[in-house]
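Participant: Okay, handing you the structure first.
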Amino acid sequence: MPTIKLVSLQCILNDEIDKDEIYIKYNGKKVWPTGVYNQFDSGETKEIGLDLEVDEGWLELELWDFDYMSRNDHLGTFKMMIDQEKGKFSTSLQKKDLESTASYILNWEISGEA
């Protein structure tokens with residue numbers, strides 16, 4: 001079973017007028033950050049440093065924006081092909097709502113097998 005490392009998340013353009021309150025879900029469960037969310041503004045990059053054991057094949061990670069007064073917003077999905085090739089990769093967010101301004105890049109790497 002390969003292990004991937006989520007290295008960093010880069011916000012090219014945030015979705016809200018102020019900052020986005022971001023968290024990441026894998027298989028329906030929040031995996032990052034350890035707190036409720038991490039705030040992002042346009043141009044910011046933040047370290048993630050999370051290792052995940054995953055199956056080979058297509059992997060999807062969901063990017064969500066936390067909202068206090070309404071439902072949380074599913075901004076989009078990072079889709080990645082996980083195979084035996086080790087290395088560093090970047091994946092752009094595939095937006096759920098095409099009218100959204102959210103633009104994020106996930107930097108990750110395949111570091112080996114468990």
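Residues in the structure tokens are numbered from 1 in each chain, the chains being A, B, ... in the order shown, and ligands are numbered from 1 in the order shown.
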With only C-alpha atoms as the counted atoms, please give the residues lying no more than 6 Å from Tyr104 (chain A), apart from itself and same-chain residues fewer than 6 positions off, as a JSON list (two decimals) with C-alpha atoms, in the first residue's frame.

Facilitator:
[["chain", "number", "residue", "atom", "x", "y", "z"],
["A", 10, "GLN", "CA", -1.25, 26.86, -2.09],
["A", 11, "CYS", "CA", -4.14, 29.30, -2.45],
["A", 12, "ILE", "CA", -4.00, 31.02, -5.83],
["A", 93, "LEU", "CA", -8.36, 21.82, -7.55]]

Participant: If you run DSSP on the backbone, which residues of region 23-94 of chain A are strand (DSSP E), as an NGL selection string?

Facilitator: :A and (23-26 or 29-32 or 38-40 or 45-53 or 57-65 or 73-82 or 87-92 or 94)

Participant: Tell me which protein, DNA and RNA residues are within 9 Å of region 46-54 of chain A, counting only C-alpha atoms, leaving out same-chain ones fewer than 2 positions away, and put them as a VMD selection string.

Facilitator: chain A and resid 1 to 11 31 to 33 38 40 44 56 to 57 59 82 113 to 114

Participant: Using only C-alpha atoms for the distances, tell me which of A:Leu13, A:Ile110, A:Met81, A:Ile24 is nearest to Asp41 (chain A).

Facilitator: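 Of A:Leu13, A:Ile110, A:Met81, A:Ile24, the one nearest Asp41 (chain A) is A:Leu13, counting only C-alpha atoms.
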
Participant: Neighbouring residues of Thr91 (chain A) were defined as those with any atom within 10 Å, considering only C-alpha atoms; residues of the same chain fewer than 6 positions away were excluded. Please report them as a PDB file with N, CA and C atoms, in the first residue's frame.

Facilitator:
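In the end it all went to result_18.pdb:
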ATOM      1  N   LEU A   9      -0.348  23.247   0.737  1.00  0.00           N
ATOM      2  CA  LEU A   9      -1.519  23.708   0.006  1.00  0.00           C
ATOM      3  C   LEU A   9      -1.303  25.177  -0.325  1.00  0.00           C
ATOM      4  N   THR A  77     -12.386  19.118  -5.629  1.00  0.00           N
ATOM      5  CA  THR A  77     -11.690  17.870  -5.398  1.00  0.00           C
ATOM      6  C   THR A  77     -10.319  17.881  -6.045  1.00  0.00           C
ATOM      7  N   PHE A  78      -9.342  17.323  -5.337  1.00  0.00           N
ATOM      8  CA  PHE A  78      -8.024  17.049  -5.906  1.00  0.00           C
ATOM      9  C   PHE A  78      -8.031  15.588  -6.335  1.00  0.00           C
ATOM     10  N   LYS A  79      -7.825  15.328  -7.627  1.00  0.00           N
ATOM     11  CA  LYS A  79      -7.805  13.957  -8.143  1.00  0.00           C
ATOM     12  C   LYS A  79      -6.376  13.608  -8.519  1.00  0.00           C
ATOM     13  N   MET A  80      -5.892  12.478  -7.976  1.00  0.00           N
ATOM     14  CA  MET A  80      -4.499  12.089  -8.165  1.00  0.00           C
ATOM     15  C   MET A  80      -4.410  10.622  -8.520  1.00  0.00           C
ATOM     16  N   TYR A 104      -6.863  26.452  -5.930  1.00  0.00           N
ATOM     17  CA  TYR A 104      -5.872  25.910  -5.000  1.00  0.00           C
ATOM     18  C   TYR A 104      -5.018  24.870  -5.699  1.00  0.00           C
ATOM     19  N   ILE A 105      -3.778  24.724  -5.235  1.00  0.00           N
ATOM     20  CA  ILE A 105      -2.871  23.693  -5.720  1.00  0.00           C
ATOM     21  C   ILE A 105      -2.368  22.905  -4.514  1.00  0.00           C
ATOM     22  N   LEU A 106      -2.478  21.581  -4.616  1.00  0.00           N
ATOM     23  CA  LEU A 106      -1.992  20.680  -3.580  1.00  0.00           C
ATOM     24  C   LEU A 106      -0.657  20.096  -4.024  1.00  0.00           C
ATOM     25  N   ASN A 107       0.361  20.267  -3.200  1.00  0.00           N
ATOM     26  CA  ASN A 107       1.686  19.691  -3.463  1.00  0.00           C
ATOM     27  C   ASN A 107       1.813  18.439  -2.617  1.00  0.00           C
ATOM     28  N   TRP A 108       2.197  17.330  -3.260  1.00  0.00           N
ATOM     29  CA  TRP A 108       2.233  16.045  -2.572  1.00  0.00           C
ATOM     30  C   TRP A 108       3.335  15.186  -3.170  1.00  0.00           C
TER      31      TRP A 108
END

Participant: Identify, on the basis of only C-alpha atoms, every residue whose closest approach to Lys95 (chain A) does not exceed 9 Å; exclude the query and any residue fewer than 6 positions from it along the same chain; express the result as a VMD selection string.

Facilitator: chain A and resid 74 to 78 101 to 103

Participant: Produce a file of the selected residues containing N, CA and C atoms, as a CSV table (one decimal), in the first residue's frame.

Facilitator:
chain,number,residue,atom,x,y,z
A,74,HIS,N,-18.4,22.7,-0.1
A,74,HIS,CA,-17.4,21.8,-0.8
A,74,HIS,C,-16.9,22.5,-2.0
A,75,LEU,N,-15.7,23.0,-1.9
A,75,LEU,CA,-15.1,23.8,-3.0
A,75,LEU,C,-14.7,23.0,-4.2
A,76,GLY,N,-14.2,21.8,-4.0
A,76,GLY,CA,-13.8,21.0,-5.1
A,76,GLY,C,-13.0,19.8,-4.6
A,77,THR,N,-12.4,19.1,-5.6
A,77,THR,CA,-11.7,17.9,-5.4
A,77,THR,C,-10.3,17.9,-6.0
A,78,PHE,N,-9.3,17.3,-5.3
A,78,PHE,CA,-8.0,17.0,-5.9
A,78,PHE,C,-8.0,15.6,-6.3
A,101,THR,N,-14.7,31.2,-7.3
A,101,THR,CA,-13.4,31.8,-7.6
A,101,THR,C,-12.2,31.0,-7.0
A,102,ALA,N,-12.6,29.9,-6.2
A,102,ALA,CA,-11.6,29.2,-5.5
A,102,ALA,C,-10.6,28.5,-6.5
A,103,SER,N,-9.3,28.8,-6.2
A,103,SER,CA,-8.2,28.2,-7.0
A,103,SER,C,-7.1,27.8,-6.0

Participant: What's the 7 Å shell around Ile22 (chain A), counting only C-alpha atoms, without same-chain residues fewer than 2 positions away, as JSON, numbers by chain?

Facilitator: {"A": [20, 24, 37, 38, 39, 40, 63, 64, 65, 66]}

Participant: Could you tell me how far CA of Glu21 (chain A) lies from CA of Thr45 (chain A), in Å and to one decimal?

Facilitator: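 Distance reported for this atom pair: 13.6 Å.
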
Participant: Which is closer to Ser42 (chain A) than all the others in A:Asp97, A:Glu16, A:Asp73, A:Glu85, using only C-alpha atoms?

Facilitator: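 Closest residue, counting only C-alpha atoms: A:Glu16.
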
Participant: One decimal, in Å: what's the spacing between CA of Tyr26 (chain A) and CA of Leu61 (chain A)?

Facilitator: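 Computing it gives 5.1 Å between the two atoms.
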
Participant: What is the CA of Trp58 (chain A) to CA of Gly87 (chain A) distance in Å?

Facilitator: 16.4 Å
